[in-house]
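final_37.txt follows (compact mmCIF, C-alpha atoms):
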# COMPACT_ATOMS: atom_id res chain seq x y z
CA MET A 1467 27.54 1.78 17.14
CA ALA A 1468 24.58 0.66 15.05
CA ILE A 1469 22.69 3.83 15.93
CA GLU A 1470 25.48 6.18 14.78
CA PRO A 1471 24.48 6.27 11.06
CA TYR A 1472 20.99 7.36 12.08
CA ARG A 1473 22.41 10.07 14.34
CA ARG A 1474 24.43 11.47 11.46
CA LEU A 1475 21.36 11.36 9.25
CA LEU A 1476 19.14 13.16 11.75
CA ALA A 1477 21.83 15.81 12.25
CA LEU A 1478 21.34 16.96 8.63
CA PRO A 1479 19.36 20.24 8.43
CA GLY A 1480 15.65 19.66 7.97
CA VAL A 1481 15.71 15.85 7.95
CA ARG A 1482 14.44 15.28 11.49
CA THR A 1483 11.52 17.69 11.04
CA LEU A 1484 10.61 16.24 7.64
CA LEU A 1485 10.53 12.65 8.91
CA LEU A 1486 8.51 13.55 12.00
CA VAL A 1487 5.97 15.61 10.04
CA GLY A 1488 5.85 12.89 7.40
CA MET A 1489 5.06 10.16 9.92
CA ILE A 1490 2.24 12.17 11.52
CA ALA A 1491 0.91 13.39 8.17
CA ARG A 1492 0.64 9.83 6.83
CA ILE A 1493 -1.55 8.60 9.69
CA PRO A 1494 -4.86 10.05 8.39
CA SER A 1495 -3.99 8.86 4.87
CA THR A 1496 -3.53 5.29 6.12
CA ALA A 1497 -6.93 5.45 7.86
CA THR A 1498 -8.93 6.39 4.75
CA GLY A 1499 -9.33 2.92 3.22
CA ILE A 1500 -10.68 1.12 6.27
CA THR A 1501 -12.84 4.11 7.23
CA LEU A 1502 -14.56 4.18 3.84
CA THR A 1503 -14.98 0.40 3.83
CA LEU A 1504 -16.59 0.28 7.29
CA HIS A 1505 -18.82 3.26 6.48
CA ILE A 1506 -20.26 1.43 3.46
CA ASN A 1507 -20.52 -1.88 5.25
CA ASN A 1508 -21.75 -0.75 8.68
CA THR A 1509 -23.48 2.60 8.20
CA LEU A 1510 -24.93 2.19 4.71
CA GLY A 1511 -25.67 -1.48 5.35
CA LEU A 1512 -24.21 -2.64 2.03
CA GLY A 1513 -22.09 -5.71 1.33
CA TRP A 1514 -18.38 -6.22 0.97
CA LEU A 1515 -18.74 -6.15 -2.81
CA GLU A 1516 -20.01 -2.57 -2.70
CA ALA A 1517 -17.30 -1.64 -0.20
CA GLY A 1518 -14.67 -3.17 -2.46
CA GLY A 1519 -16.10 -1.29 -5.44
CA ALA A 1520 -15.63 2.05 -3.69
CA GLY A 1521 -12.13 1.05 -2.64
CA ALA A 1522 -11.30 0.08 -6.22
CA ALA A 1523 -12.64 3.43 -7.45
CA THR A 1524 -10.34 5.25 -5.04
CA THR A 1525 -7.38 3.10 -6.08
CA VAL A 1526 -7.97 3.83 -9.77
CA GLY A 1527 -8.06 7.55 -9.06
CA MET A 1528 -4.88 7.41 -6.98
CA ALA A 1529 -3.04 5.31 -9.58
CA VAL A 1530 -3.75 7.95 -12.23
CA GLY A 1531 -3.36 10.98 -9.98
CA SER A 1532 -0.08 10.06 -8.24
CA PRO A 1533 2.27 10.58 -11.22
CA LEU A 1534 0.23 13.60 -12.36
CA ALA A 1535 0.65 15.24 -8.96
CA GLY A 1536 4.37 14.51 -9.07
CA ARG A 1537 4.65 16.04 -12.54
CA PHE A 1538 2.89 19.21 -11.36
CA VAL A 1539 5.22 19.39 -8.36
CA ASP A 1540 8.21 19.18 -10.73
CA ARG A 1541 6.84 21.99 -12.88
CA TYR A 1542 5.10 24.37 -10.49
CA GLY A 1543 6.51 23.57 -7.07
CA LEU A 1544 5.13 21.92 -3.95
CA ARG A 1545 2.73 24.44 -2.48
CA PRO A 1546 0.26 24.80 -5.42
CA VAL A 1547 -0.22 21.02 -5.56
CA LEU A 1548 -0.65 20.80 -1.79
CA PHE A 1549 -3.22 23.61 -1.77
CA VAL A 1550 -5.38 21.90 -4.42
CA THR A 1551 -5.15 18.37 -3.00
CA THR A 1552 -5.69 19.50 0.61
CA PHE A 1553 -8.86 21.38 -0.34
CA ALA A 1554 -10.08 18.39 -2.38
CA GLN A 1555 -9.63 16.02 0.59
CA LEU A 1556 -11.38 18.44 2.92
CA ALA A 1557 -14.32 18.71 0.53
CA PHE A 1558 -14.65 14.94 0.09
CA TRP A 1559 -14.20 13.68 3.64
CA SER A 1560 -16.34 16.37 5.25
CA THR A 1561 -19.30 15.44 3.01
CA ALA A 1562 -18.75 11.74 2.15
CA TRP A 1563 -20.81 10.47 5.07
CA VAL A 1564 -24.03 12.05 3.62
CA LEU A 1565 -23.54 10.88 0.02
CA PRO A 1566 -25.63 8.04 -1.42
CA TYR A 1567 -23.60 5.08 -2.59
CA PRO A 1568 -23.56 5.80 -6.39
CA VAL A 1569 -22.47 9.39 -5.81
CA LEU A 1570 -19.93 8.21 -3.23
CA VAL A 1571 -18.28 5.91 -5.77
CA VAL A 1572 -17.92 8.71 -8.33
CA ALA A 1573 -16.64 11.10 -5.67
CA SER A 1574 -14.15 8.44 -4.54
CA VAL A 1575 -12.57 8.43 -7.99
CA VAL A 1576 -12.14 12.21 -7.86
CA ALA A 1577 -10.83 12.07 -4.29
CA GLY A 1578 -8.30 9.43 -5.32
CA LEU A 1579 -7.27 11.49 -8.35
CA LEU A 1580 -6.66 14.50 -6.08
CA ALA A 1581 -5.26 12.53 -3.13
CA LEU A 1582 -2.81 14.33 -0.90
CA PRO A 1583 0.59 13.13 -2.26
CA VAL A 1584 2.15 12.88 1.18
CA PHE A 1585 4.04 9.61 0.57
CA SER A 1586 5.72 10.65 -2.68
CA VAL A 1587 6.34 14.22 -1.48
CA ILE A 1588 8.17 13.09 1.66
CA ARG A 1589 10.39 10.78 -0.39
CA GLN A 1590 11.07 13.43 -3.00
CA CYS A 1591 12.02 15.99 -0.37
CA LEU A 1592 14.11 13.45 1.54
CA THR A 1593 16.09 12.84 -1.65
CA ALA A 1594 16.76 16.58 -1.88
CA LEU A 1595 17.87 16.90 1.75
CA VAL A 1596 20.06 13.78 2.02
CA PRO A 1597 23.30 13.31 0.06
CA PRO A 1598 23.49 10.19 -2.12
CA HIS A 1599 25.79 8.25 0.22
CA GLN A 1600 23.23 8.54 3.07
CA ARG A 1601 20.04 7.91 1.12
CA ARG A 1602 19.89 4.21 1.93
CA ILE A 1603 19.83 5.06 5.61
CA GLY A 1604 17.33 7.86 4.97
CA PHE A 1605 14.90 5.70 3.06
CA SER A 1606 15.30 2.89 5.58
CA LEU A 1607 14.31 5.25 8.38
CA ASP A 1608 11.45 6.57 6.25
CA SER A 1609 10.20 3.01 5.73
CA ILE A 1610 10.18 2.57 9.50
CA MET A 1611 8.09 5.73 9.83
CA VAL A 1612 5.67 4.37 7.21
CA GLU A 1613 5.26 1.15 9.18
CA LEU A 1614 4.50 3.15 12.33
CA SER A 1615 1.87 5.15 10.42
CA TYR A 1616 0.24 1.97 9.12
CA MET A 1617 0.24 0.48 12.60
CA THR A 1618 -1.63 3.55 13.87
CA GLY A 1619 -3.94 4.89 11.16
CA PRO A 1620 -6.09 1.84 10.31
CA ALA A 1621 -6.47 0.98 14.01
CA LEU A 1622 -7.73 4.50 14.73
CA GLY A 1623 -10.11 4.25 11.76
CA VAL A 1624 -11.62 1.00 13.04
CA LEU A 1625 -11.89 2.38 16.56
CA GLY A 1626 -13.52 5.57 15.37
CA VAL A 1627 -16.17 3.94 13.17
CA THR A 1628 -17.08 1.29 15.74
CA GLN A 1629 -17.16 3.63 18.73
CA LEU A 1630 -18.13 7.05 17.35
CA GLY A 1631 -19.76 6.24 14.02
CA SER A 1632 -18.64 6.90 10.47
CA ALA A 1633 -19.83 10.53 10.36
CA TRP A 1634 -17.58 11.61 13.22
CA THR A 1635 -14.70 9.45 11.99
CA MET A 1636 -14.88 10.80 8.44
CA SER A 1637 -14.94 14.34 9.84
CA ALA A 1638 -11.86 13.49 11.89
CA VAL A 1639 -10.15 12.16 8.75
CA ALA A 1640 -11.02 15.43 7.00
CA ILE A 1641 -9.43 17.41 9.83
CA GLY A 1642 -6.39 15.14 9.86
CA LEU A 1643 -5.79 15.38 6.12
CA THR A 1644 -6.29 19.15 6.18
CA GLY A 1645 -3.84 19.45 9.04
CA SER A 1646 -1.34 17.24 7.17
CA GLY A 1647 -1.57 19.37 4.06
CA ALA A 1648 -1.33 22.60 6.05
CA ALA A 1649 1.75 21.34 7.92
CA LEU A 1650 3.52 20.47 4.67
CA ILE A 1651 2.53 23.82 3.14
CA LEU A 1652 3.99 25.68 6.11
CA LEU A 1653 7.09 23.51 6.21
CA ASN A 1654 7.54 23.74 2.43
CA PRO A 1655 10.52 21.35 2.31
CA PRO A 1656 12.82 21.61 -0.72
CA ILE A 1657 12.15 19.30 -3.65
CA ARG A 1658 15.69 19.77 -5.01
CA SER A 1659 19.06 20.10 -3.34
CA ALA A 1660 21.07 23.31 -3.35
CA GLU A 1661 23.34 21.92 -6.08
CA GLU A 1662 20.37 20.94 -8.22
CA LEU A 1663 18.81 24.38 -7.80
CA SER A 1664 22.03 26.07 -8.88
CA ALA A 1665 22.12 24.06 -12.12
CA PRO A 1666 20.55 25.50 -15.29
CA ALA A 1667 16.80 25.06 -15.60
CA GLU A 1668 15.87 22.04 -17.67
CA ARG A 1669 12.88 20.22 -18.99
CA VAL A 1670 13.72 16.54 -19.12
CA SER A 1671 12.25 14.30 -21.75
CA ARG A 1672 10.44 11.33 -20.26
CA ARG A 1673 12.19 9.09 -22.76
CA ARG A 1674 15.50 10.01 -21.17
CA TRP A 1675 14.73 8.45 -17.78
CA LEU A 1676 11.65 6.22 -18.20
CA THR A 1677 13.72 3.38 -19.65
CA SER A 1678 13.01 -0.33 -19.69
CA GLY A 1679 15.22 -0.65 -16.60
CA VAL A 1680 13.16 1.87 -14.65
CA VAL A 1681 9.96 0.11 -15.74
CA ALA A 1682 11.51 -3.15 -14.50
CA LEU A 1683 12.27 -1.46 -11.18
CA LEU A 1684 8.66 -0.27 -10.90
CA GLY A 1685 7.47 -3.80 -11.70
CA THR A 1686 9.69 -5.10 -8.90
CA ALA A 1687 8.07 -2.61 -6.49
CA ALA A 1688 4.65 -3.89 -7.62
CA ALA A 1689 5.84 -7.45 -6.92
CA ALA A 1690 6.63 -6.43 -3.34
CA THR A 1691 3.13 -5.14 -2.62
CA PHE A 1692 1.64 -8.13 -4.43
CA VAL A 1693 3.25 -10.59 -2.02
CA LEU A 1694 2.67 -8.35 1.01
CA THR A 1695 -1.05 -7.85 0.33
CA ALA A 1696 -1.61 -11.54 -0.32
CA SER A 1697 0.32 -12.48 2.82
CA GLU A 1698 -1.73 -10.10 4.93
CA LEU A 1699 -5.02 -11.53 3.62
CA ALA A 1700 -3.80 -15.10 4.10
CA LEU A 1701 -2.61 -14.37 7.64
CA VAL A 1702 -5.95 -12.81 8.60
CA ALA A 1703 -7.78 -15.75 7.02
CA ALA A 1704 -5.66 -18.23 8.98
CA VAL A 1705 -6.31 -16.43 12.27
CA LYS A 1706 -10.03 -16.25 11.50
CA GLY A 1707 -10.12 -19.92 10.51
CA ALA A 1708 -8.70 -20.80 13.91
CA GLY A 1709 -11.54 -18.91 15.60
CA ASP A 1710 -9.22 -16.19 16.93
CA THR A 1711 -10.45 -13.25 14.85
CA ALA A 1712 -9.90 -10.85 17.75
CA TRP A 1713 -6.17 -11.55 17.49
CA SER A 1714 -5.94 -10.44 13.84
CA GLY A 1715 -4.72 -6.97 14.75
CA VAL A 1716 -2.04 -8.38 17.02
CA ALA A 1717 -0.84 -10.75 14.30
CA ILE A 1718 -0.60 -7.92 11.77
CA GLY A 1719 1.20 -5.76 14.34
CA VAL A 1720 3.82 -8.44 14.99
CA TRP A 1721 4.31 -8.87 11.25
CA CYS A 1722 4.84 -5.09 10.90
CA LEU A 1723 7.38 -5.32 13.73
CA TYR A 1724 9.41 -7.75 11.63
CA SER A 1725 9.57 -5.14 8.89
CA LEU A 1726 10.57 -2.43 11.36
CA VAL A 1727 13.48 -4.50 12.63
CA GLY A 1728 14.56 -5.41 9.11
CA GLY A 1729 14.48 -1.77 7.99
CA PHE A 1730 16.52 -0.64 10.99
CA VAL A 1731 19.19 -3.30 10.49
CA TYR A 1732 19.37 -2.70 6.72
CA GLY A 1733 20.07 0.99 7.30
CA THR A 1734 23.12 0.17 9.43
CA LEU A 1735 24.76 -2.18 6.93
CA PRO A 1736 27.91 -0.89 5.19
CA ARG A 1737 26.49 -1.79 1.78
CA GLY A 1738 23.00 -2.09 0.38
CA ALA A 1739 21.57 -4.81 -1.85
CA SER A 1740 19.78 -4.89 -5.16
CA PRO A 1741 15.99 -4.49 -4.86
CA LEU A 1742 15.62 -7.54 -7.09
CA VAL A 1743 17.61 -9.64 -4.61
CA LEU A 1744 15.65 -8.37 -1.61
CA ILE A 1745 12.18 -8.64 -3.14
CA GLY A 1746 12.98 -11.89 -4.92
CA GLY A 1747 14.18 -13.27 -1.60
CA MET A 1748 11.00 -12.08 0.08
CA GLY A 1749 8.95 -13.93 -2.52
CA LEU A 1750 10.96 -17.14 -2.21
CA LEU A 1751 10.80 -17.09 1.59
CA THR A 1752 7.02 -16.64 1.45
CA VAL A 1753 6.42 -19.77 -0.66
CA PRO A 1754 7.04 -22.36 2.10
CA VAL A 1755 5.10 -20.42 4.76
CA GLY A 1756 1.91 -22.17 3.73
CA LEU A 1757 3.41 -25.53 4.70
CA VAL A 1758 3.15 -24.57 8.37
CA SER A 1759 0.03 -26.13 9.82
CA GLY A 1760 -1.65 -26.12 13.19
CA ASP A 1761 -1.54 -23.07 15.45
CA TRP A 1762 -1.48 -19.75 13.56
CA ARG A 1763 1.27 -18.56 15.93
CA TRP A 1764 3.67 -20.94 14.20
CA LEU A 1765 2.53 -19.46 10.90
CA LEU A 1766 3.34 -15.98 12.20
CA LEU A 1767 6.79 -17.17 13.23
CA ALA A 1768 7.34 -18.67 9.77
CA LEU A 1769 6.72 -15.22 8.27
CA LEU A 1770 9.73 -13.78 10.14
CA PRO A 1771 12.38 -14.22 7.37
CA ALA A 1772 10.18 -12.71 4.66
CA GLY A 1773 8.94 -9.99 7.00
CA LEU A 1774 12.48 -8.85 7.76
CA LEU A 1775 12.98 -8.14 4.03
CA CYS A 1776 9.81 -6.06 3.64
CA ALA A 1777 11.07 -2.58 4.58
CA PRO A 1778 14.55 -3.13 3.07
CA GLY A 1779 13.01 -4.29 -0.21
CA LEU A 1780 10.67 -1.30 -0.55
CA SER A 1781 13.26 1.26 0.57
CA SER A 1782 15.81 -0.14 -1.89
CA THR A 1783 13.43 0.45 -4.80
CA ILE A 1784 13.09 4.12 -3.80
CA GLU A 1785 16.84 4.52 -3.36
CA SER A 1786 17.53 2.97 -6.77
CA LEU A 1787 14.89 5.14 -8.41
CA SER A 1788 16.34 8.31 -6.87
CA ARG A 1789 19.72 7.54 -8.47
CA ARG A 1790 18.33 6.84 -11.91
CA VAL A 1791 15.98 9.79 -12.36
CA PRO A 1792 17.05 13.43 -12.90
CA ALA A 1793 15.97 15.97 -10.30
CA ALA A 1794 13.64 17.73 -12.74
CA ALA A 1795 11.54 14.56 -13.11
CA ARG A 1796 11.88 13.15 -9.59
CA GLY A 1797 8.33 14.02 -8.51
CA GLU A 1798 6.75 12.21 -11.45
CA ALA A 1799 9.04 9.22 -10.89
CA MET A 1800 8.07 9.01 -7.21
CA GLY A 1801 4.44 9.26 -8.28
CA LEU A 1802 4.89 6.35 -10.68
CA HIS A 1803 6.51 4.39 -7.86
CA GLY A 1804 3.38 4.98 -5.78
CA THR A 1805 1.23 3.84 -8.71
CA ALA A 1806 3.27 0.65 -9.01
CA LEU A 1807 2.71 -0.10 -5.32
CA LEU A 1808 -1.03 0.46 -5.75
CA ILE A 1809 -1.22 -1.78 -8.81
CA GLY A 1810 0.60 -4.60 -7.03
CA GLY A 1811 -1.73 -4.46 -4.04
CA ALA A 1812 -4.89 -4.05 -6.13
CA ALA A 1813 -4.02 -7.02 -8.34
CA SER A 1814 -3.15 -9.19 -5.37
CA SER A 1815 -6.35 -8.79 -3.37
CA PRO A 1816 -8.84 -10.57 -5.69
CA ILE A 1817 -6.32 -13.26 -6.68
CA ALA A 1818 -5.38 -14.06 -3.10
CA GLY A 1819 -9.03 -13.93 -2.03
CA ALA A 1820 -10.05 -16.44 -4.69
CA ILE A 1821 -7.21 -18.80 -3.73
CA ILE A 1822 -8.11 -18.56 -0.02
CA ASP A 1823 -11.75 -19.33 -0.78
CA HIS A 1824 -10.96 -22.40 -2.87
CA GLY A 1825 -7.68 -23.73 -1.50
CA GLY A 1826 -7.05 -22.13 1.87
CA PRO A 1827 -4.51 -19.61 3.19
CA GLY A 1828 -1.54 -21.93 2.67
CA TRP A 1829 -1.93 -21.94 -1.09
CA ALA A 1830 -2.26 -18.14 -1.08
CA PHE A 1831 1.18 -17.80 0.52
CA ALA A 1832 2.71 -20.15 -2.03
CA ALA A 1833 1.03 -18.51 -5.04
CA ALA A 1834 1.93 -14.97 -3.91
CA GLY A 1835 5.56 -15.90 -3.38
CA LEU A 1836 5.80 -17.60 -6.76
CA VAL A 1837 4.15 -14.70 -8.60
CA ALA A 1838 6.46 -12.15 -6.94
CA THR A 1839 9.52 -14.26 -7.73
CA GLY A 1840 8.38 -14.63 -11.32
CA MET A 1841 7.92 -10.87 -11.69
CA VAL A 1842 11.46 -10.31 -10.40
CA LEU A 1843 12.86 -12.87 -12.88
CA VAL A 1844 11.09 -11.08 -15.74
CA ALA A 1845 12.63 -7.77 -14.62
CA LEU A 1846 16.15 -9.19 -14.25
CA PRO A 1847 17.34 -8.90 -17.93
CA PHE A 1848 16.22 -5.27 -18.17
CA TRP A 1849 17.79 -4.44 -14.80
CA ARG A 1850 21.19 -5.78 -15.84
CA ARG A 1851 21.28 -3.43 -18.84
CA MET A 1852 20.52 -0.35 -16.75
CA PRO A 1853 23.39 1.86 -15.47
CA ASP A 1854 23.72 2.53 -11.75
CA GLU A 1855 23.37 6.26 -12.32
CA ILE A 1856 21.53 8.25 -14.96
CA PRO A 1857 24.01 9.31 -17.65
CA GLU A 1858 24.90 12.97 -17.73
CA GLU A 1859 23.31 14.84 -20.56
CA ARG A 1860 23.34 18.47 -21.57
CA PRO A 1861 20.12 19.96 -20.15
CA VAL A 1862 17.49 21.22 -22.52
CA ALA A 1863 16.50 24.81 -21.85
CA ALA A 1864 13.08 25.20 -20.32
CA ALA A 1865 12.10 27.63 -23.05
CA VAL A 1866 12.47 24.96 -25.75
In structure tokens, write the structure found in this file.
Amino acid sequence: MAIEPYRRLLALPGVRTLLLVGMIARIPSTATGITLTLHINNTLGLGWLEAGGAGAATTVGMAVGSPLAGRFVDRYGLRPVLFVTTFAQLAFWSTAWVLPYPVLVVASVVAGLLALPVFSVIRQCLTALVPPHQRRIGFSLDSIMVELSYMTGPALGVLGVTQLGSAWTMSAVAIGLTGSGAALILLNPPIRSAEELSAPAERVSRRRWLTSGVVALLGTAAAATFVLTASELALVAAVKGAGDTAWSGVAIGVWCLYSLVGGFVYGTLPRGASPLVLIGGMGLLTVPVGLVSGDWRWLLLALLPAGLLCAPGLSSTIESLSRRVPAAARGEAMGLHGTALLIGGAASSPIAGAIIDHGGPGWAFAAAGLVATGMVLVALPFWRRMPDEIPEERPVAAAV
């Protein structure tokens, strides 16, 4: 049965609870971006440029803070990092609605720097709970949970700001993030497996695991979010250009459903695939989407092949990273993976926006697919020289 691998996975101690808590905990995090944007645009009465500036400030903070949070988790454990980041999110989101715009931008950088590391923490803990031969299934199921969170959080953010106002919505985000942090603190899932905990304590040099191959893998992850962000903007622009703006949410939801199906099927396959093959294929399949003209529903159908590779491509990068990084540095590596995803999305937005403005959505699909494919081709030589597993090395005592 196709469902049997997932049953065996969920039968592992702690996995079912971790995935369920992770899905719920990610919902308020996925609502933060749209909530802040609509607050600046609707409540403060400022333009999209100012809203984008605040979003960029948050992204910069998160890109820097994600690997730092992971490094602190590796050194000091999960709970101290969760305490600090949960309090920081409570402080920001409970007061952000009264801040003037210049102060809000500065505070957004700090809030991004001290963002609750729920995405990287769940993946790090899932690696500790799941044996290597089941990690592909585990990360595939986790990618499905992420899609469900993204289908819920932004929609709730839009609904809250438009119906209740940004003050109430930001307060709700503060409560949600605080609850997420508190749930993870109480759950306190392991960040290393029992075998890894029984091994001698070690402090791993970054030069040992942050090789050119790992950098190539992170660049491939950035290529995935580059093509996904550009495709989302181009799809919304196509729906809006047809005068059906109200259907934008439905179109995005159907596109997310493609990814859900692809992630589920990928987890049941007897063998996985290289992240370069999956993400390169996603880029290539996105290039001809722009050739579809007429009704945007045909455009949405044309996105099906690339959409099916979305969750498998992203989950394969996490699985590959988990095999190539020692347990003592896994948190920092997962944080760098999150930074790579942020960089890919942040770089894609202005490029795709400019192409849509001057050439139309069709050219944005083609350009995004070509850029992602090119990034994968650049990574290919470094990937071929990287071993499948990190080589064993005598651990360096923590006291050194």
Original post:
What does the distance between CA of Glu1798 (chain A) and CA of Thr1644 (chain A) come to in Å, to one decimal place?
Top reply: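 That distance, rounded to one decimal, is 23.0 Å.
The neighbours of Ile1817 (chain A) here are the residues that come within 9 Å of it, using all atoms listed in the file and leaving out any residue fewer than 5 positions away in the same chain; they are Ala1696, Ile1822, Ala1830 and Ala1834 of chain A.
Residues surrounding Gly1773 (chain A) within 7 Å are Trp1721, Tyr1724 and Ser1725 of chain A [only C-alpha atoms; sequence separation below 5 positions excluded].
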Subject >> Pick from A:Thr1593, A:Thr1561, A:Thr1805, A:Thr1686, whichever lies nearest to Trp1849 (chain A) using only C-alpha atoms >> reply: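 Checking each candidate against Trp1849 (chain A), we get A:Thr1686 as the closest.
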Original post:
Which of these residues is nearest to Val1842 (chain A), using all atoms listed in the file: A:Leu1663, A:Val1743, A:Ile1657, A:Leu1595?
Top reply: A:Val1743
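The smallest atom-to-atom distance between Val1572 (chain A) and any of A:Val1587, A:Leu1534, A:Val1720, A:Val1526, using only C-alpha atoms, is found for A:Val1526.
These residues, each with an atom at most 10 Å from (-11.5, 5.6, 4.1) using all atoms listed in the file, are A:Pro1494, A:Ser1495, A:Thr1496, A:Ala1497, A:Thr1498, A:Gly1499, A:Ile1500, A:Thr1501, A:Leu1502, A:Thr1503, A:Leu1504, A:His1505, A:Ile1506, A:Ala1520, A:Gly1521, A:Thr1524, A:Trp1559, A:Ala1562, A:Ser1574, A:Pro1620, A:Gly1623, A:Ser1632, A:Thr1635, A:Met1636, A:Val1639.
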Subject >> Pick from A:Glu1662, A:Asp1710, A:Glu1613, A:Asp1540 nearest to Arg1763 (chain A), counting only C-alpha atoms >> reply: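 The shortest atom-to-atom distance to Arg1763 (chain A) comes from A:Asp1710.
Considering the residues A:Ala1812, A:Ile1784, A:Phe1549, A:Gly1715 and counting only C-alpha atoms, Val1624 (chain A) has its shortest atom-to-atom contact with A:Gly1715.
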At a cut-off of 10 Å, using only C-alpha atoms, what residues contact Ala1845 (chain A)? Leave out same-chain residues fewer than 3 positions from it and give the result as a PDB file with C-alpha atoms, in the coordinates of the input.
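Here's the written file part16.pdb:
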ATOM      1  CA  SER A1678      13.010  -0.330 -19.690  1.00  0.00           C
ATOM      2  CA  GLY A1679      15.220  -0.650 -16.600  1.00  0.00           C
ATOM      3  CA  VAL A1680      13.160   1.870 -14.650  1.00  0.00           C
ATOM      4  CA  VAL A1681       9.960   0.110 -15.740  1.00  0.00           C
ATOM      5  CA  ALA A1682      11.510  -3.150 -14.500  1.00  0.00           C
ATOM      6  CA  LEU A1683      12.270  -1.460 -11.180  1.00  0.00           C
ATOM      7  CA  LEU A1684       8.660  -0.270 -10.900  1.00  0.00           C
ATOM      8  CA  GLY A1685       7.470  -3.800 -11.700  1.00  0.00           C
ATOM      9  CA  THR A1686       9.690  -5.100  -8.900  1.00  0.00           C
ATOM     10  CA  LEU A1742      15.620  -7.540  -7.090  1.00  0.00           C
ATOM     11  CA  THR A1839       9.520 -14.260  -7.730  1.00  0.00           C
ATOM     12  CA  GLY A1840       8.380 -14.630 -11.320  1.00  0.00           C
ATOM     13  CA  MET A1841       7.920 -10.870 -11.690  1.00  0.00           C
ATOM     14  CA  VAL A1842      11.460 -10.310 -10.400  1.00  0.00           C
ATOM     15  CA  PHE A1848      16.220  -5.270 -18.170  1.00  0.00           C
ATOM     16  CA  TRP A1849      17.790  -4.440 -14.800  1.00  0.00           C
ATOM     17  CA  ARG A1850      21.190  -5.780 -15.840  1.00  0.00           C
TER      18      ARG A1850
END
**OP:** Excluding Leu1807 (chain A) and residues on its chain fewer than 2 positions from it, collect all residues at most 6 Å away from it, counting all atoms listed in the file, and give them as a list in words.
**Re:** Ala1688, Thr1691, Gly1804, Thr1805, Ile1809 and Gly1810 of chain A
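The residue that comes closest to Tyr1567 (chain A), out of A:Ser1788, A:Thr1509, A:Thr1752, A:Thr1628 and on the basis of all atoms listed in the file, is A:Thr1509.
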**OP:** Provide the CA of Leu1750 (chain A) to CA of Glu1785 (chain A) distance in Å, to one decimal place.
**Re:** 22.5 Å
Subject >> Spatial neighbours of Pro1778 (chain A), 10 Å, only C-alpha atoms, chain gap at least 5 places, as a PyMOL selection string >> reply: chain A and resi 1602+1605-1607+1609-1610+1725-1733+1738-1741+1744-1745+1773+1783
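Put simply, CA of Gly1756 (chain A) is 14.0 Å away from CA of Gly1707 (chain A).
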**OP:** Taking (-2.7, -5.2, 1.6) in the file's own coordinates, collect the residues within 10 Å, counting only C-alpha atoms, and hand them back as a list in words.
**Re:** Thr1691, Phe1692, Val1693, Leu1694, Thr1695, Ala1696, Ser1697, Glu1698, Leu1699, Leu1808, Gly1810, Gly1811, Ala1812, Ser1814 and Ser1815 of chain A
